[in-house]
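Peer 1: work_2.txt is the file, holding compact mmCIF, C-alpha atoms and all ligand atoms:
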# COMPACT_ATOMS: atom_id res chain seq x y z
CA MET A 8 118.92 215.77 126.99
CA PRO A 9 122.19 216.86 125.39
CA PRO A 10 122.24 220.30 123.80
CA ALA A 11 121.55 220.77 120.12
CA THR A 12 124.58 220.06 118.05
CA GLY A 13 125.58 221.07 114.60
CA PRO A 14 126.94 218.63 112.05
CA GLY A 15 130.48 217.56 112.56
CA ASP A 16 130.40 217.89 116.35
CA ALA A 17 130.65 214.16 116.65
CA GLY A 18 132.87 212.83 113.90
CA HIS A 19 133.46 209.41 112.49
CA ALA A 20 136.93 209.29 114.03
CA ASP A 21 135.59 207.70 117.18
CA ALA A 22 133.10 205.50 115.35
CA VAL A 23 131.33 202.87 117.42
CA PRO A 24 131.19 199.95 114.97
CA ASP A 25 128.65 197.62 116.53
CA GLU A 26 126.07 200.12 117.60
CA ARG A 27 123.13 201.42 115.66
CA THR A 28 121.91 204.98 115.26
CA ALA A 29 118.48 206.15 114.15
CA VAL A 30 118.39 209.49 112.35
CA VAL A 31 114.84 210.83 112.45
CA LEU A 32 114.13 213.45 109.80
CA ALA A 33 111.88 216.28 110.91
CA GLY A 34 113.15 219.40 109.14
CA GLY A 35 110.22 219.86 106.74
CA HIS A 36 107.49 222.47 106.91
CA SER A 37 104.46 220.15 106.83
CA THR A 38 102.78 222.40 104.25
CA ARG A 39 100.30 219.72 103.15
CA PHE A 40 99.40 219.18 106.79
CA GLY A 41 98.54 222.78 107.60
CA ASP A 42 99.63 225.24 110.27
CA GLU A 43 100.92 222.69 112.75
CA ASP A 44 104.28 220.90 112.57
CA LYS A 45 103.21 217.30 111.84
CA ALA A 46 106.26 216.00 113.72
CA VAL A 47 104.70 217.03 117.02
CA ALA A 48 101.01 216.67 116.17
CA GLU A 49 99.28 214.37 118.67
CA LEU A 50 98.59 211.07 116.95
CA ALA A 51 96.15 209.13 119.13
CA GLY A 52 97.59 210.88 122.18
CA THR A 53 101.29 210.71 121.29
CA PRO A 54 103.26 213.25 119.25
CA MET A 55 104.01 211.58 115.93
CA ILE A 56 107.80 211.86 116.23
CA ARG A 57 107.65 210.34 119.69
CA ARG A 58 105.76 207.38 118.33
CA VAL A 59 108.48 206.89 115.70
CA VAL A 60 111.18 207.07 118.40
CA ASP A 61 109.24 204.69 120.66
CA ARG A 62 108.83 202.19 117.83
CA LEU A 63 112.57 202.19 117.12
CA ARG A 64 113.81 202.26 120.71
CA PRO A 65 114.23 198.47 121.02
CA VAL A 66 116.45 198.19 117.95
CA VAL A 67 118.83 201.17 118.12
CA ASP A 68 121.42 202.51 120.56
CA GLU A 69 120.99 206.23 119.97
CA PHE A 70 118.77 208.77 118.26
CA ILE A 71 119.69 211.84 116.27
CA ILE A 72 116.81 214.15 115.47
CA ASN A 73 117.42 216.26 112.36
CA CYS A 74 115.42 219.47 112.17
CA ARG A 75 115.66 223.25 111.98
CA ASP A 76 116.96 225.26 114.89
CA ASP A 77 113.54 226.72 115.73
CA GLN A 78 111.99 223.25 116.04
CA VAL A 79 114.36 221.96 118.73
CA PRO A 80 112.50 223.14 121.88
CA VAL A 81 109.12 221.93 120.66
CA ILE A 82 110.40 218.54 119.51
CA ASP A 83 112.43 218.18 122.69
CA ASP A 84 109.22 218.79 124.67
CA ALA A 85 107.29 216.32 122.55
CA LEU A 86 109.90 213.64 123.20
CA THR A 87 110.19 214.21 126.93
CA ALA A 88 106.82 215.56 128.13
CA ASP A 89 104.95 213.33 130.58
CA ALA A 90 107.89 210.98 130.78
CA GLY A 91 107.62 211.46 134.54
CA ASP A 92 110.60 211.01 136.81
CA SER A 93 111.18 207.50 135.67
CA ASP A 94 114.77 206.52 135.47
CA ASP A 95 115.67 206.47 131.81
CA ALA A 96 119.11 204.99 132.34
CA GLY A 97 119.70 202.42 129.65
CA GLU A 98 117.38 204.17 127.19
CA PRO A 99 119.01 205.20 123.91
CA PRO A 100 120.17 208.81 124.22
CA VAL A 101 118.61 211.47 122.00
CA SER A 102 120.49 214.41 120.48
CA PHE A 103 119.71 216.98 117.80
CA ALA A 104 121.52 217.66 114.53
CA VAL A 105 120.35 221.02 113.27
CA ASP A 106 120.49 221.81 109.55
CA PRO A 107 123.18 224.50 109.08
CA VAL A 108 121.16 225.70 106.10
CA PRO A 109 117.43 224.98 106.48
CA ASP A 110 114.97 223.97 103.78
CA ARG A 111 117.37 222.17 101.49
CA GLY A 112 115.16 219.09 101.40
CA PRO A 113 115.23 215.67 103.09
CA MET A 114 118.53 214.61 101.49
CA ALA A 115 120.37 217.56 103.04
CA GLY A 116 118.72 216.54 106.31
CA ILE A 117 120.07 213.02 105.92
CA MET A 118 123.52 214.53 105.36
CA THR A 119 123.26 216.59 108.55
CA GLY A 120 122.02 213.65 110.58
CA LEU A 121 124.57 211.15 109.31
CA ARG A 122 127.45 213.55 109.84
CA ALA A 123 126.54 213.69 113.51
CA ALA A 124 126.38 209.88 113.84
CA ARG A 125 129.24 208.00 115.51
CA THR A 126 128.21 204.53 114.42
CA GLU A 127 129.15 202.73 111.23
CA PHE A 128 125.53 202.24 110.17
CA ALA A 129 122.42 204.32 110.77
CA VAL A 130 118.79 203.93 109.86
CA VAL A 131 117.12 207.03 108.48
CA VAL A 132 113.39 207.30 109.16
CA ALA A 133 111.05 210.19 108.42
CA CYS A 134 109.14 211.55 111.40
CA ASP A 135 105.89 211.01 109.53
CA MET A 136 106.16 207.20 109.35
CA PRO A 137 104.36 206.27 112.58
CA PHE A 138 103.92 202.61 111.65
CA VAL A 139 107.63 201.94 111.12
CA ASP A 140 108.32 198.33 111.99
CA PRO A 141 111.33 197.78 114.25
CA GLU A 142 111.79 194.22 112.99
CA LEU A 143 112.15 195.44 109.44
CA VAL A 144 114.62 198.11 110.56
CA SER A 145 116.65 195.53 112.41
CA SER A 146 116.68 193.30 109.34
CA LEU A 147 117.90 196.22 107.20
CA PHE A 148 120.88 196.69 109.54
CA ASP A 149 121.62 192.96 109.28
CA ARG A 150 121.26 193.03 105.52
CA ALA A 151 123.64 195.96 105.00
CA ALA A 152 126.26 194.44 107.29
CA SER A 153 126.05 190.89 105.91
CA ALA A 154 126.27 192.13 102.32
CA ASP A 155 129.08 194.50 103.31
CA ALA A 156 127.06 197.15 101.49
CA ASP A 157 126.88 200.90 102.01
CA ALA A 158 123.11 200.82 102.16
CA ALA A 159 120.11 198.49 102.41
CA VAL A 160 117.13 200.17 100.81
CA PRO A 161 113.60 198.77 100.48
CA ARG A 162 111.85 199.05 97.16
CA LEU A 163 108.18 198.28 96.65
CA GLU A 164 106.74 196.88 93.45
CA ASP A 165 105.98 199.66 91.01
CA GLU A 166 107.37 202.22 93.41
CA TRP A 167 110.60 204.04 93.96
CA PHE A 168 113.15 203.34 96.66
CA GLN A 169 112.06 203.91 100.25
CA THR A 170 115.02 206.11 101.01
CA THR A 171 113.51 207.53 104.18
CA GLN A 172 113.20 204.12 105.79
CA ALA A 173 116.58 202.67 104.91
CA VAL A 174 119.93 201.83 106.49
CA TYR A 175 123.10 203.58 105.36
CA ARG A 176 126.77 203.35 106.13
CA THR A 177 127.11 206.76 107.68
CA GLU A 178 130.37 208.01 106.22
CA PRO A 179 129.97 207.15 102.50
CA MET A 180 126.30 208.17 102.47
CA GLY A 181 127.10 211.45 104.24
CA GLU A 182 129.79 212.17 101.65
CA ALA A 183 127.57 211.16 98.74
CA CYS A 184 124.85 213.49 100.04
CA GLU A 185 127.39 216.28 100.25
CA ARG A 186 128.40 215.75 96.63
CA ALA A 187 124.75 215.70 95.56
CA VAL A 188 123.99 218.87 97.52
CA ASP A 189 127.04 220.54 95.93
CA ARG A 190 125.77 219.54 92.49
CA GLY A 191 122.39 221.03 93.33
CA ASP A 192 120.60 217.65 93.24
CA ARG A 193 117.73 217.38 95.69
CA ARG A 194 116.44 213.88 95.01
CA VAL A 195 117.19 211.47 97.84
CA VAL A 196 118.02 208.67 95.40
CA GLU A 197 120.92 210.62 93.86
CA PRO A 198 123.49 209.86 96.57
CA LEU A 199 122.37 206.24 96.59
CA PHE A 200 123.58 205.82 93.03
CA ASP A 201 127.09 206.72 94.22
CA LEU A 202 127.03 203.83 96.68
CA ASP A 203 127.27 200.08 96.70
CA TYR A 204 123.73 199.35 97.90
CA VAL A 205 121.46 196.34 98.27
CA VAL A 206 117.80 196.52 97.39
CA VAL A 207 115.34 194.79 99.68
CA GLU A 208 112.41 193.82 97.48
CA THR A 209 108.76 193.52 98.41
CA ASP A 210 108.75 189.72 98.87
CA GLU A 211 111.55 189.92 101.37
CA ILE A 212 109.94 192.84 103.18
CA ARG A 213 106.75 190.82 103.54
CA ASP A 214 108.74 188.15 105.40
CA TYR A 215 109.18 190.69 108.20
CA THR A 216 106.22 192.96 108.10
CA ASP A 217 103.38 194.35 106.05
CA LEU A 218 103.76 197.38 103.89
CA GLU A 219 102.06 199.64 106.44
CA THR A 220 105.58 200.28 107.75
CA PHE A 221 106.17 202.69 104.85
CA GLU A 222 102.95 204.62 105.19
CA ASN A 223 103.70 208.30 105.56
CA VAL A 224 101.35 210.95 106.83
CA ASN A 225 101.15 214.14 104.80
CA THR A 226 97.63 215.50 105.11
CA ARG A 227 95.10 215.95 107.92
CA GLU A 228 92.97 213.26 106.30
CA GLU A 229 95.84 210.76 106.38
CA PHE A 230 96.58 211.78 109.96
CA ASP A 231 92.96 211.28 111.07
CA ALA A 232 92.86 207.87 109.35
CA ALA A 233 96.08 206.85 111.14
CA CYS A 234 94.62 208.03 114.48
CA GLU A 235 91.53 205.93 113.93
CA ARG A 236 93.50 202.83 113.11
CA LEU A 237 95.67 203.26 116.18
CA ALA A 238 92.62 203.78 118.37
CA ASP A 239 90.99 200.64 116.91
CA SER A 240 94.08 198.54 117.51
CA SER A 241 94.57 199.63 121.12
N1 LIG B 301 116.13 218.52 107.21
C1 LIG B 301 115.11 218.61 106.35
N2 LIG B 301 114.14 217.67 106.36
C2 LIG B 301 113.10 217.80 105.51
C3 LIG B 301 113.01 218.89 104.60
N3 LIG B 301 111.87 218.72 103.87
C4 LIG B 301 111.28 217.61 104.32
N4 LIG B 301 112.01 217.05 105.31
C5 LIG B 301 111.70 215.83 106.07
O1 LIG B 301 111.64 214.76 105.15
C6 LIG B 301 110.56 213.88 105.45
C7 LIG B 301 109.63 213.74 104.26
O2 LIG B 301 109.21 215.02 103.84
P1 LIG B 301 107.73 215.45 103.54
O3 LIG B 301 106.77 214.34 103.70
O4 LIG B 301 107.73 216.19 102.25
O5 LIG B 301 107.46 216.46 104.76
P2 LIG B 301 107.34 218.01 104.74
O6 LIG B 301 108.26 218.61 103.73
O7 LIG B 301 107.44 218.47 106.16
O8 LIG B 301 105.82 218.20 104.28
P3 LIG B 301 105.28 219.03 103.00
O9 LIG B 301 105.63 220.46 103.28
O10 LIG B 301 103.81 218.78 103.04
O11 LIG B 301 106.00 218.47 101.80
C8 LIG B 301 109.87 214.47 106.68
O12 LIG B 301 110.38 213.76 107.78
C9 LIG B 301 110.33 215.91 106.71
O13 LIG B 301 110.42 216.44 108.03
C10 LIG B 301 114.05 219.88 104.61
O14 LIG B 301 114.06 220.85 103.84
N5 LIG B 301 115.08 219.68 105.50
MG MG B 302 108.09 218.10 101.63
The structure given in the file should be rewritten as structure tokens.

Peer 2:
Amino acid sequence: MPPATGPGDAGHADAVPDERTAVVLAGGHSTRFGDEDKAVAELAGTPMIRRVVDRLRPVVDEFIINCRDDQVPVIDDALTADAGDSDDAGEPPVSFAVDPVPDRGPMAGIMTGLRAARTEFAVVVACDMPFVDPELVSSLFDRAASADADAAVPRLEDEWFQTTQAVYRTEPMGEACERAVDRGDRRVVEPLFDLDYVVVETDEIRDYTDLETFENVNTREEFDAACERLADSS
């Protein structure tokens, strides 16, 4: 696995237009979860972040894991442990984008991750969304590109934008996050309002998947319920 990188190590100058990056956000402290980092908690036998990566593997060309410096070895282990000696040639490469300043919230994490991306578009997914549907993610990439938009963001009825399961054009979103961070805004929707974005509404989402894709795991109870469902479905 490549060494941990800071933001800006890979720039946009050598952007790879047709490829797709997944930025997986994992820089939170899982306070509602308890002592353990939920990113690496074993969900029905698989660390949660690894399940997210495995779900997305068929639809992206590379992964960038955004987290704090101290999380890198543990997450690296969670992503590679028990992988055996199997030849992983052809698998999307995984690198780390470490927050230069930790604990500035998910939007600052998105900024760090997108700055490290070399592709024109990237999907951002939180590490605690273990049911993320690759078909929906793929459709979000298609939607952003066909609309020539800077973002394709799902929105559920009566709910706010699903900004942590959305596709962004890396450069404008990275810059919009930077402006928001500089203004002291922490809400993930703030940079979105600086962009030309398309909203993917519930009806359209249902054409691809059910709304389970957006379920996020915050507490032990939610984690145990997710484990049970996964065990039942296997
Ligand atoms: N880089 C970065 N990511 C964060 C930060 N806070 C949360 N995240 C990530 O954003 C996503 C959604 O955040 P939460 O569900 O609030 O996760 P969390 O903050 O670890 O959990 P709580 O402490 O219980 O709020 C998760 O993937 C987190 O890892 C942060 O300060 N920096
Ligand atoms: Mg939080």

Peer 1: Could you please extract the residues within 9 Å of ligand LIG 301 (chain B), counting only C-alpha atoms and all ligand atoms, and hand them back as a VMD selection string?

Peer 2: chain A and resid 31 to 41 44 to 46 73 to 75 105 to 106 108 to 120 132 to 136 171 223 to 226

Peer 1: Report, in Å to a single decimal, how far apart atom CA of Ala233 of chain A and atom CA of Arg62 of chain A are.

Peer 2: 15.1 Å

Peer 1: What residues have an atom no more than 8 Å from (126.8, 203.7, 97.6) in the file's own frame, counting all atoms listed in the file, and can you write them as an MDAnalysis selection string?

Peer 2: chainID A and resid 156:158 179:180 183 198:204

Peer 1: Between A:Glu166, A:Glu235, A:Asp217, A:Asp84, which residue has the minimum interatomic distance to Glu142 of chain A, considering all atoms listed in the file?

Peer 2: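 Closest candidate: A:Asp217.
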
Peer 1: Quick one: distance from atom CA of Asp140 of chain A to atom CA of Thr87 of chain A in Å, one decimal?

Peer 2: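 Atom CA of Asp140 of chain A sits 21.9 Å away from atom CA of Thr87 of chain A.
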
Peer 1: Compile the contact shell of Ala238 of chain A as a ChimeraX atom specification: residues with an atom at most 10 Å away, counting all atoms listed in the file, same-chain residues fewer than 3 positions apart removed.

Peer 2: /A:50-52,232-235,241

Peer 1: Please dump the current selection as a compact mmCIF listing (two decimals), keeping the file's coordinate frame; keep C-alpha atoms.

Peer 2:
# COMPACT_ATOMS: atom_id res chain seq x y z
CA LEU A 50 98.59 211.07 116.95
CA ALA A 51 96.15 209.13 119.13
CA GLY A 52 97.59 210.88 122.18
CA ALA A 232 92.86 207.87 109.35
CA ALA A 233 96.08 206.85 111.14
CA CYS A 234 94.62 208.03 114.48
CA GLU A 235 91.53 205.93 113.93
CA SER A 241 94.57 199.63 121.12

Peer 1: For segment 168-184 of chain A, which lacks atoms in the input, supply N, CA and C atoms and format the output as a short mmCIF file (atom, residue, chain, number, x, y, z; two decimals), in the coordinates of the input.

Peer 2:
data_model
loop_
_atom_site.label_atom_id
_atom_site.label_comp_id
_atom_site.auth_asym_id
_atom_site.auth_seq_id
_atom_site.Cartn_x
_atom_site.Cartn_y
_atom_site.Cartn_z
N PHE A 168 112.48 203.76 95.43
CA PHE A 168 113.15 203.34 96.66
C PHE A 168 112.56 204.04 97.89
N GLN A 169 112.53 203.32 98.97
CA GLN A 169 112.06 203.91 100.25
C GLN A 169 113.28 204.46 100.98
N THR A 170 113.75 205.56 100.49
CA THR A 170 115.02 206.11 101.01
C THR A 170 114.89 206.70 102.40
N THR A 171 113.67 206.99 102.82
CA THR A 171 113.51 207.53 104.18
C THR A 171 113.04 206.46 105.17
N GLN A 172 113.29 205.21 104.81
CA GLN A 172 113.20 204.12 105.79
C GLN A 172 114.24 203.09 105.32
N ALA A 173 115.49 203.47 105.47
CA ALA A 173 116.58 202.67 104.91
C ALA A 173 117.80 202.81 105.82
N VAL A 174 118.69 201.82 105.69
CA VAL A 174 119.93 201.83 106.49
C VAL A 174 121.10 202.23 105.59
N TYR A 175 121.94 203.09 106.12
CA TYR A 175 123.10 203.58 105.36
C TYR A 175 124.37 203.43 106.19
N ARG A 176 125.48 203.23 105.48
CA ARG A 176 126.77 203.35 106.13
C ARG A 176 127.02 204.85 106.25
N THR A 177 127.23 205.31 107.44
CA THR A 177 127.11 206.76 107.68
C THR A 177 128.11 207.59 106.87
N GLU A 178 129.36 207.15 106.84
CA GLU A 178 130.37 208.01 106.22
C GLU A 178 130.19 208.13 104.70
N PRO A 179 130.14 207.00 103.96
CA PRO A 179 129.97 207.15 102.50
C PRO A 179 128.66 207.82 102.11
N MET A 180 127.57 207.53 102.82
CA MET A 180 126.30 208.17 102.47
C MET A 180 126.37 209.67 102.78
N GLY A 181 126.96 210.02 103.91
CA GLY A 181 127.10 211.45 104.24
C GLY A 181 127.88 212.18 103.15
N GLU A 182 128.96 211.53 102.69
CA GLU A 182 129.79 212.17 101.65
C GLU A 182 129.05 212.23 100.32
N ALA A 183 128.32 211.16 100.01
CA ALA A 183 127.57 211.16 98.74
C ALA A 183 126.47 212.23 98.76
N CYS A 184 125.86 212.42 99.92
CA CYS A 184 124.85 213.49 100.04
C CYS A 184 125.53 214.85 99.82
#
